[in-house]
>>> print(open('input-v5.cif').read())   # mmCIF, C-alpha atoms
data_start
#
loop_
_atom_site.label_atom_id
_atom_site.label_comp_id
_atom_site.auth_asym_id
_atom_site.auth_seq_id
_atom_site.Cartn_x
_atom_site.Cartn_y
_atom_site.Cartn_z
CA MET V 1068 -14.56 28.27 -81.23
CA ALA V 1069 -12.38 25.19 -81.43
CA ALA V 1070 -8.77 24.62 -80.43
CA ALA V 1071 -6.33 27.50 -80.62
CA GLY V 1072 -2.76 28.40 -79.74
CA GLU V 1073 -0.41 31.32 -80.14
CA VAL V 1074 0.07 30.93 -83.92
CA PHE V 1075 -2.67 28.60 -85.18
CA PHE V 1076 -6.34 27.94 -84.51
CA LEU V 1077 -8.74 25.35 -85.90
CA ASP V 1078 -11.34 27.04 -88.06
CA GLU V 1079 -14.88 25.69 -88.23
CA PHE V 1080 -14.37 24.81 -91.91
CA ALA V 1081 -11.70 22.24 -91.02
CA ILE V 1082 -13.75 20.67 -88.23
CA ARG V 1083 -15.68 18.80 -90.95
CA GLN V 1084 -12.64 16.53 -91.20
CA TRP V 1085 -13.31 15.33 -87.67
CA ASP V 1086 -17.08 15.46 -87.49
CA ASP V 1087 -18.52 14.99 -91.00
CA PRO V 1088 -18.49 11.32 -92.12
CA SER V 1089 -19.11 12.34 -95.75
CA TYR V 1090 -16.19 14.75 -95.98
CA SER V 1091 -14.39 14.15 -99.31
CA GLY V 1092 -10.84 14.27 -98.06
CA ALA V 1093 -8.65 13.18 -95.17
CA ARG V 1094 -10.55 12.19 -92.03
CA ILE V 1095 -8.70 13.05 -88.82
CA SER V 1096 -8.76 10.64 -85.88
CA TYR V 1097 -6.93 12.75 -83.32
CA SER V 1098 -8.12 15.20 -80.72
CA LYS V 1099 -8.67 18.71 -82.04
CA ASP V 1100 -6.71 20.33 -79.22
CA GLY V 1101 -3.93 17.78 -79.61
CA PHE V 1102 -3.71 18.43 -83.35
CA VAL V 1103 -3.27 22.18 -82.90
CA GLN V 1104 -0.72 21.63 -80.14
CA LYS V 1105 1.26 19.21 -82.32
CA LEU V 1106 1.26 21.67 -85.21
CA HIS V 1107 2.72 24.32 -82.91
CA GLU V 1108 5.44 21.86 -81.91
CA PHE V 1109 6.35 21.15 -85.55
CA HIS V 1110 6.39 24.86 -86.26
CA ALA V 1111 8.70 25.53 -83.32
CA GLN V 1112 11.01 22.78 -84.63
CA GLY V 1113 11.32 24.39 -88.06
CA ALA V 1114 8.17 23.59 -90.05
CA ASN V 1115 7.90 26.92 -91.82
CA LEU V 1116 4.90 28.58 -93.42
CA VAL V 1117 5.00 28.12 -97.19
CA ASP V 1118 3.29 30.56 -99.55
CA GLY V 1119 -0.01 29.42 -101.04
CA TYR V 1120 -2.16 30.53 -103.97
CA ALA V 1121 -2.81 33.99 -102.47
CA PRO V 1122 -1.08 36.24 -99.91
CA PHE V 1123 -3.59 35.24 -97.21
CA CYS V 1124 -2.96 31.50 -97.76
CA LYS V 1125 -0.07 29.51 -96.31
CA HIS V 1126 0.84 25.83 -95.93
CA VAL V 1127 2.66 23.84 -93.28
CA PHE V 1128 3.91 20.41 -94.39
CA VAL V 1129 4.41 17.90 -91.57
CA PRO V 1130 4.73 14.11 -91.26
CA ASN V 1131 1.42 12.29 -91.11
CA PHE V 1132 1.27 11.92 -87.34
CA VAL V 1133 -2.47 11.12 -87.29
CA GLY V 1134 -2.41 7.98 -89.48
CA ALA V 1135 -4.68 9.57 -92.09
CA LYS V 1136 -5.18 7.75 -95.37
CA LEU V 1137 -4.72 9.42 -98.72
CA GLY V 1138 -7.55 11.81 -99.52
CA ALA V 1139 -7.31 11.09 -103.23
CA VAL V 1140 -5.92 8.26 -105.35
CA PRO V 1141 -4.98 7.82 -109.03
CA ILE V 1142 -7.62 6.52 -111.43
CA ASN V 1143 -6.58 3.38 -113.29
CA ASP V 1144 -8.13 0.53 -115.25
CA ALA V 1145 -8.55 -1.55 -112.09
CA ASN V 1146 -10.60 1.03 -110.19
CA ARG V 1147 -12.21 3.18 -112.89
CA HIS V 1148 -15.50 1.26 -112.64
CA LEU V 1149 -15.80 2.27 -108.98
CA LEU V 1150 -15.99 6.01 -109.72
CA GLN V 1151 -19.22 7.71 -108.69
CA CYS V 1152 -20.48 11.21 -109.40
CA GLY V 1153 -23.19 13.53 -108.15
CA TYR V 1154 -23.98 17.07 -107.07
CA SER V 1155 -22.77 18.16 -103.66
CA ARG V 1156 -22.19 21.28 -101.60
CA ARG V 1157 -20.05 22.07 -98.57
CA ARG V 1158 -22.64 24.30 -96.87
CA PRO V 1159 -26.40 24.78 -97.33
CA GLU V 1160 -25.78 28.35 -98.54
CA GLU V 1161 -23.51 27.27 -101.40
CA LEU V 1162 -24.48 26.17 -104.90
CA PRO V 1163 -24.22 22.40 -105.49
CA VAL V 1164 -21.53 21.36 -107.96
CA LEU V 1165 -20.82 18.16 -109.87
CA THR V 1166 -18.14 16.03 -108.23
CA ARG V 1167 -16.75 12.52 -108.57
CA TRP V 1168 -15.27 10.20 -105.98
CA PHE V 1169 -14.29 6.71 -104.94
CA PRO V 1170 -16.25 5.09 -102.08
CA ALA V 1171 -13.66 4.38 -99.37
CA ASP V 1172 -15.05 0.92 -98.63
CA GLU V 1173 -14.60 -0.21 -102.26
CA LEU V 1174 -10.81 -0.01 -102.48
CA GLU V 1175 -7.62 -0.22 -100.45
CA VAL V 1176 -6.36 3.25 -99.56
CA PRO V 1177 -2.79 3.53 -98.22
CA GLU V 1178 -1.72 5.76 -95.37
CA ALA V 1179 -0.31 9.10 -96.50
CA LYS V 1180 3.27 10.18 -95.83
CA PHE V 1181 2.54 13.86 -95.17
CA LEU V 1182 -0.11 16.31 -94.08
CA ASP V 1183 -0.55 19.56 -95.95
CA VAL V 1184 -2.07 21.87 -93.33
CA ILE V 1185 -3.68 24.74 -95.23
CA LEU V 1186 -3.96 28.08 -93.45
CA TYR V 1187 -5.89 31.30 -94.04
CA SER V 1188 -5.06 34.52 -92.28
CA ARG V 1189 -7.43 35.61 -89.54
CA GLU V 1190 -8.17 38.78 -91.54
CA GLN V 1191 -9.27 36.74 -94.57
CA LEU V 1192 -11.51 34.54 -92.43
CA VAL V 1193 -13.15 37.59 -90.86
CA GLN V 1194 -14.01 38.85 -94.35
CA GLU V 1195 -15.42 35.47 -95.40
CA TYR V 1196 -17.51 35.17 -92.23
CA GLU V 1197 -18.93 38.64 -92.81
CA ALA V 1198 -19.77 37.83 -96.45
CA MET V 1199 -21.49 34.55 -95.60
CA PRO V 1200 -23.01 34.74 -92.08
CA GLY V 1201 -23.73 31.01 -92.09
CA LYS V 1202 -20.04 30.36 -91.54
CA GLY V 1203 -20.22 31.81 -88.04
CA ASP V 1204 -19.62 34.93 -86.01
CA PRO V 1205 -16.31 36.63 -86.95
CA ALA V 1206 -16.05 37.92 -83.38
CA SER V 1207 -15.67 34.29 -82.24
CA LEU V 1208 -12.38 33.81 -84.12
CA PRO V 1209 -9.36 33.44 -81.80
CA ALA V 1210 -6.62 36.05 -81.79
CA ALA V 1211 -4.05 33.69 -83.36
CA PRO V 1212 -2.96 34.95 -86.83
CA TRP V 1213 -3.50 31.74 -88.84
CA GLY V 1214 -6.61 29.57 -89.07
CA ILE V 1215 -6.41 25.93 -90.15
CA ILE V 1216 -9.03 25.61 -92.90
CA SER V 1217 -8.14 22.23 -94.41
CA ILE V 1218 -5.80 19.27 -93.94
CA LYS V 1219 -4.79 17.19 -96.95
CA ALA V 1220 -3.26 13.74 -96.50
CA GLN V 1221 -0.83 13.16 -99.36
CA ASP V 1222 2.49 11.60 -100.31
CA GLU V 1223 4.00 14.90 -101.55
CA ASP V 1224 5.76 17.34 -99.21
CA HIS V 1225 4.66 20.30 -101.33
CA GLU V 1226 1.44 21.90 -102.53
CA THR V 1227 -0.66 19.94 -105.02
CA PRO V 1228 -3.34 21.57 -107.21
CA MET V 1229 -6.70 22.28 -105.63
CA GLN V 1230 -9.66 20.86 -107.52
CA PRO V 1231 -10.87 22.89 -110.54
CA ILE V 1232 -14.27 23.46 -108.94
CA THR V 1233 -12.55 24.98 -105.89
CA ILE V 1234 -10.71 27.43 -108.14
CA MET V 1235 -14.01 28.36 -109.77
CA ARG V 1236 -15.80 28.74 -106.45
CA ASN V 1237 -13.03 30.99 -105.17
CA ALA V 1238 -13.43 33.16 -108.26
CA LEU V 1239 -17.18 33.50 -107.63
CA GLY V 1240 -16.40 35.47 -104.50
CA ARG V 1241 -17.00 35.34 -100.76
CA ASP V 1242 -20.79 35.61 -101.15
CA GLU V 1243 -20.77 32.17 -102.80
CA GLY V 1244 -18.38 30.57 -100.31
CA GLY V 1245 -15.16 31.32 -102.18
CA SER V 1246 -12.14 33.40 -101.26
CA GLY V 1247 -12.55 36.05 -103.95
CA VAL V 1248 -9.30 35.23 -105.78
CA LYS V 1249 -9.59 35.70 -109.53
CA LEU V 1250 -9.28 32.58 -111.69
CA GLU V 1251 -5.87 32.21 -113.33
CA ARG V 1252 -6.05 30.23 -116.55
CA GLU V 1253 -2.65 28.55 -116.17
CA ALA V 1254 -3.39 27.40 -112.61
CA TYR V 1255 -6.81 26.12 -113.67
CA GLN V 1256 -5.34 24.11 -116.56
CA ALA V 1257 -2.72 22.58 -114.24
CA SER V 1258 -5.48 21.66 -111.80
CA ALA V 1259 -7.60 20.06 -114.52
CA ALA V 1260 -4.64 18.00 -115.75
CA TYR V 1261 -3.84 16.82 -112.21
CA TRP V 1262 -7.41 15.91 -111.27
CA ALA V 1263 -8.19 14.26 -114.60
CA GLU V 1264 -6.05 11.40 -113.31
CA ARG V 1265 -7.26 11.34 -109.68
CA ALA V 1266 -10.41 11.29 -107.58
CA ALA V 1267 -11.21 11.92 -103.94
CA VAL V 1268 -11.87 9.01 -101.57
CA VAL V 1269 -15.09 9.36 -99.59
CA ALA V 1270 -16.20 7.43 -96.52
CA GLY V 1271 -19.91 7.79 -97.19
CA LYS V 1272 -22.57 7.81 -99.87
CA GLN V 1273 -21.65 11.23 -101.27
CA PRO V 1274 -19.03 13.90 -100.59
CA SER V 1275 -19.71 17.18 -98.87
CA GLY V 1276 -17.34 18.99 -101.26
CA GLU V 1277 -13.80 20.28 -100.93
#
>>> encode(input="input-v5.cif", output="structure tokens")
Amino acid sequence: MAAAGEVFFLDEFAIRQWDDPSYSGARISYSKDGFVQKLHEFHAQGANLVDGYAPFCKHVFVPNFVGAKLGAVPINDANRHLLQCGYSRRRPEELPVLTRWFPADELEVPEAKFLDVILYSREQLVQEYEAMPGKGDPASLPAAPWGIISIKAQDEDHETPMQPITIMRNALGRDEGGSGVKLEREAYQASAAYWAERAAVVAGKQPSGE
């Protein structure tokens, strides 16, 4: 298992942001151990855990100390022709879904102001590992209570809507790679409105999925 501390550990799902060149989100150029240590320092200095979309999900919002560029940018008339789409999946066990993205080398992407560090409770991750063995051995999870499952580079210091397909995948259940949280119509509509105007930025030919 990757880097861990007293409160946080780096889950395998987030390691894609270091090691997968096709990851459709913020790429992290910082040591894994150093990242977890820095997050503990921010937490000790007052960066509190903020409630997420379910009781097992929390966020920590911190300054962008890794120099990550925005993981998504607005769609406008100047860049609309650069949009690409295709079917992708995050893991071999998951169903491929239709996604769209901007190739990172086709446009200027500014550095983000903040990092939204998304956390799942250790108990939730154990359940997900047991439901989909390809994720790993639940016995390998560190004892720390919160696993870092994703890091979003953004200009907002608050939660932004997850992509509609992520909401749908979560509703499909843990056997399909989701969290098992039922789809809420209002949250889905807010997500669709937000992502209708934005697209992920991908440093590769095709994203691996969010």
>>> closest_residue(input="input-v5.cif", among="V:Ala1121, V:Leu1116, V:Leu1077, V:Val1248", to="V:Ile1234", atoms="all atoms listed in the file")
V:Val1248
>>> atom_distance(input="input-v5.cif", atom1="atom CA of V:Leu1150", atom2="atom CA of V:Ile1215")
29.5 Å
>>> atom_distance(input="input-v5.cif", atom1="atom CA of V:Asn1115", atom2="atom CA of V:Pro1231")
26.8 Å
>>> resolve_selection(input="input-v5.cif", expression="the PyMOL selection byres ((chain V and resi 1232) around 12)", output="PyMOL selection string")
chain V and resi 1154-1157+1162-1167+1228-1231+1233-1239+1244-1245+1250+1255-1256+1258-1259+1262+1276-1277
>>> closest_residue(input="input-v5.cif", among="V:Glu1223, V:Asp1204, V:Glu1195, V:Asp1144", to="V:Leu1182", atoms="only C-alpha atoms")
V:Glu1223
>>> closest_residue(input="input-v5.cif", among="V:Leu1149, V:Ile1216, V:Val1117, V:Ala1266", to="V:Asp1172", atoms="all atoms listed in the file")
V:Leu1149
>>> residues_around(input="input-v5.cif", residues="V:Gly1134", least_positions_apart="3", cutoff="12 Å", atoms="all atoms listed in the file", output="ChimeraX atom specification")
/V:1093-1097,1130-1131,1137-1138,1176-1182,1220-1221
>>> atom_distance(input="input-v5.cif", atom1="atom CA of V:Asp1100", atom2="atom CA of V:Phe1076")
9.3 Å
>>> residues_near_point(input="input-v5.cif", point="(-15.2, 27.5, -89.7)", cutoff="9 Å", atoms="all atoms listed in the file", output="count of residues only")
16
>>> closest_residue(input="input-v5.cif", among="V:Pro1159, V:Ala1206, V:Val1184, V:Ala1071", to="V:Phe1109", atoms="all atoms listed in the file")
V:Val1184
>>> axis_aligned_box(input="input-v5.cif", around="stretch 1142-1154 of chain V", padding_each_side="8 Å", output="lines of an AutoDock Vina configuration file")
center_x = -15.3
center_y = 7.8
center_z = -111.2
size_x = 33.4
size_y = 34.6
size_z = 24.2
>>> resolve_selection(input="input-v5.cif", expression="the PyMOL selection byres ((chain V and resi 1225) around 8)", output="ChimeraX atom specification")
/V:1128,1183,1223-1224,1226-1227
>>> closest_residue(input="input-v5.cif", among="V:Arg1158, V:Arg1147, V:Lys1219, V:Arg1189", to="V:Pro1170", atoms="all atoms listed in the file")
V:Arg1147
>>> decode(input="input-v5.cif", residues="stretch 1165-1202 of chain V", atoms="C-alpha atoms", output="PDB file, in the first residue's frame")
ATOM      1  CA  LEU V1165     -18.963   7.657 -23.306  1.00  0.00           C
ATOM      2  CA  THR V1166     -16.806  10.609 -22.283  1.00  0.00           C
ATOM      3  CA  ARG V1167     -15.524  13.816 -23.830  1.00  0.00           C
ATOM      4  CA  TRP V1168     -12.321  15.731 -23.233  1.00  0.00           C
ATOM      5  CA  PHE V1169      -9.814  18.296 -24.409  1.00  0.00           C
ATOM      6  CA  PRO V1170      -6.326  17.062 -25.368  1.00  0.00           C
ATOM      7  CA  ALA V1171      -3.937  18.865 -23.006  1.00  0.00           C
ATOM      8  CA  ASP V1172      -1.431  19.632 -25.758  1.00  0.00           C
ATOM      9  CA  GLU V1173      -4.052  21.483 -27.834  1.00  0.00           C
ATOM     10  CA  LEU V1174      -4.782  24.364 -25.466  1.00  0.00           C
ATOM     11  CA  GLU V1175      -3.291  26.492 -22.712  1.00  0.00           C
ATOM     12  CA  VAL V1176      -4.382  25.236 -19.300  1.00  0.00           C
ATOM     13  CA  PRO V1177      -3.782  27.538 -16.309  1.00  0.00           C
ATOM     14  CA  GLU V1178      -2.551  26.412 -12.923  1.00  0.00           C
ATOM     15  CA  ALA V1179      -5.339  25.811 -10.414  1.00  0.00           C
ATOM     16  CA  LYS V1180      -5.712  27.809  -7.206  1.00  0.00           C
ATOM     17  CA  PHE V1181      -6.869  24.938  -4.994  1.00  0.00           C
ATOM     18  CA  LEU V1182      -6.833  21.189  -4.562  1.00  0.00           C
ATOM     19  CA  ASP V1183     -10.000  19.376  -3.583  1.00  0.00           C
ATOM     20  CA  VAL V1184      -8.707  16.244  -1.861  1.00  0.00           C
ATOM     21  CA  ILE V1185     -11.579  13.748  -1.863  1.00  0.00           C
ATOM     22  CA  LEU V1186     -11.663  11.173   0.911  1.00  0.00           C
ATOM     23  CA  TYR V1187     -13.540   7.919   1.522  1.00  0.00           C
ATOM     24  CA  SER V1188     -13.705   6.275   4.911  1.00  0.00           C
ATOM     25  CA  ARG V1189     -11.607   3.166   5.378  1.00  0.00           C
ATOM     26  CA  GLU V1190     -14.815   1.192   6.056  1.00  0.00           C
ATOM     27  CA  GLN V1191     -16.287   2.230   2.693  1.00  0.00           C
ATOM     28  CA  LEU V1192     -13.104   1.287   0.863  1.00  0.00           C
ATOM     29  CA  VAL V1193     -13.065  -2.138   2.515  1.00  0.00           C
ATOM     30  CA  GLN V1194     -16.597  -2.743   1.222  1.00  0.00           C
ATOM     31  CA  GLU V1195     -15.662  -1.612  -2.294  1.00  0.00           C
ATOM     32  CA  TYR V1196     -12.550  -3.798  -2.353  1.00  0.00           C
ATOM     33  CA  GLU V1197     -14.596  -6.793  -1.263  1.00  0.00           C
ATOM     34  CA  ALA V1198     -17.234  -6.134  -3.938  1.00  0.00           C
ATOM     35  CA  MET V1199     -14.677  -5.746  -6.734  1.00  0.00           C
ATOM     36  CA  PRO V1200     -11.564  -7.854  -5.963  1.00  0.00           C
ATOM     37  CA  GLY V1201      -9.646  -6.230  -8.813  1.00  0.00           C
ATOM     38  CA  LYS V1202      -9.280  -3.106  -6.694  1.00  0.00           C
TER      39      LYS V1202
END
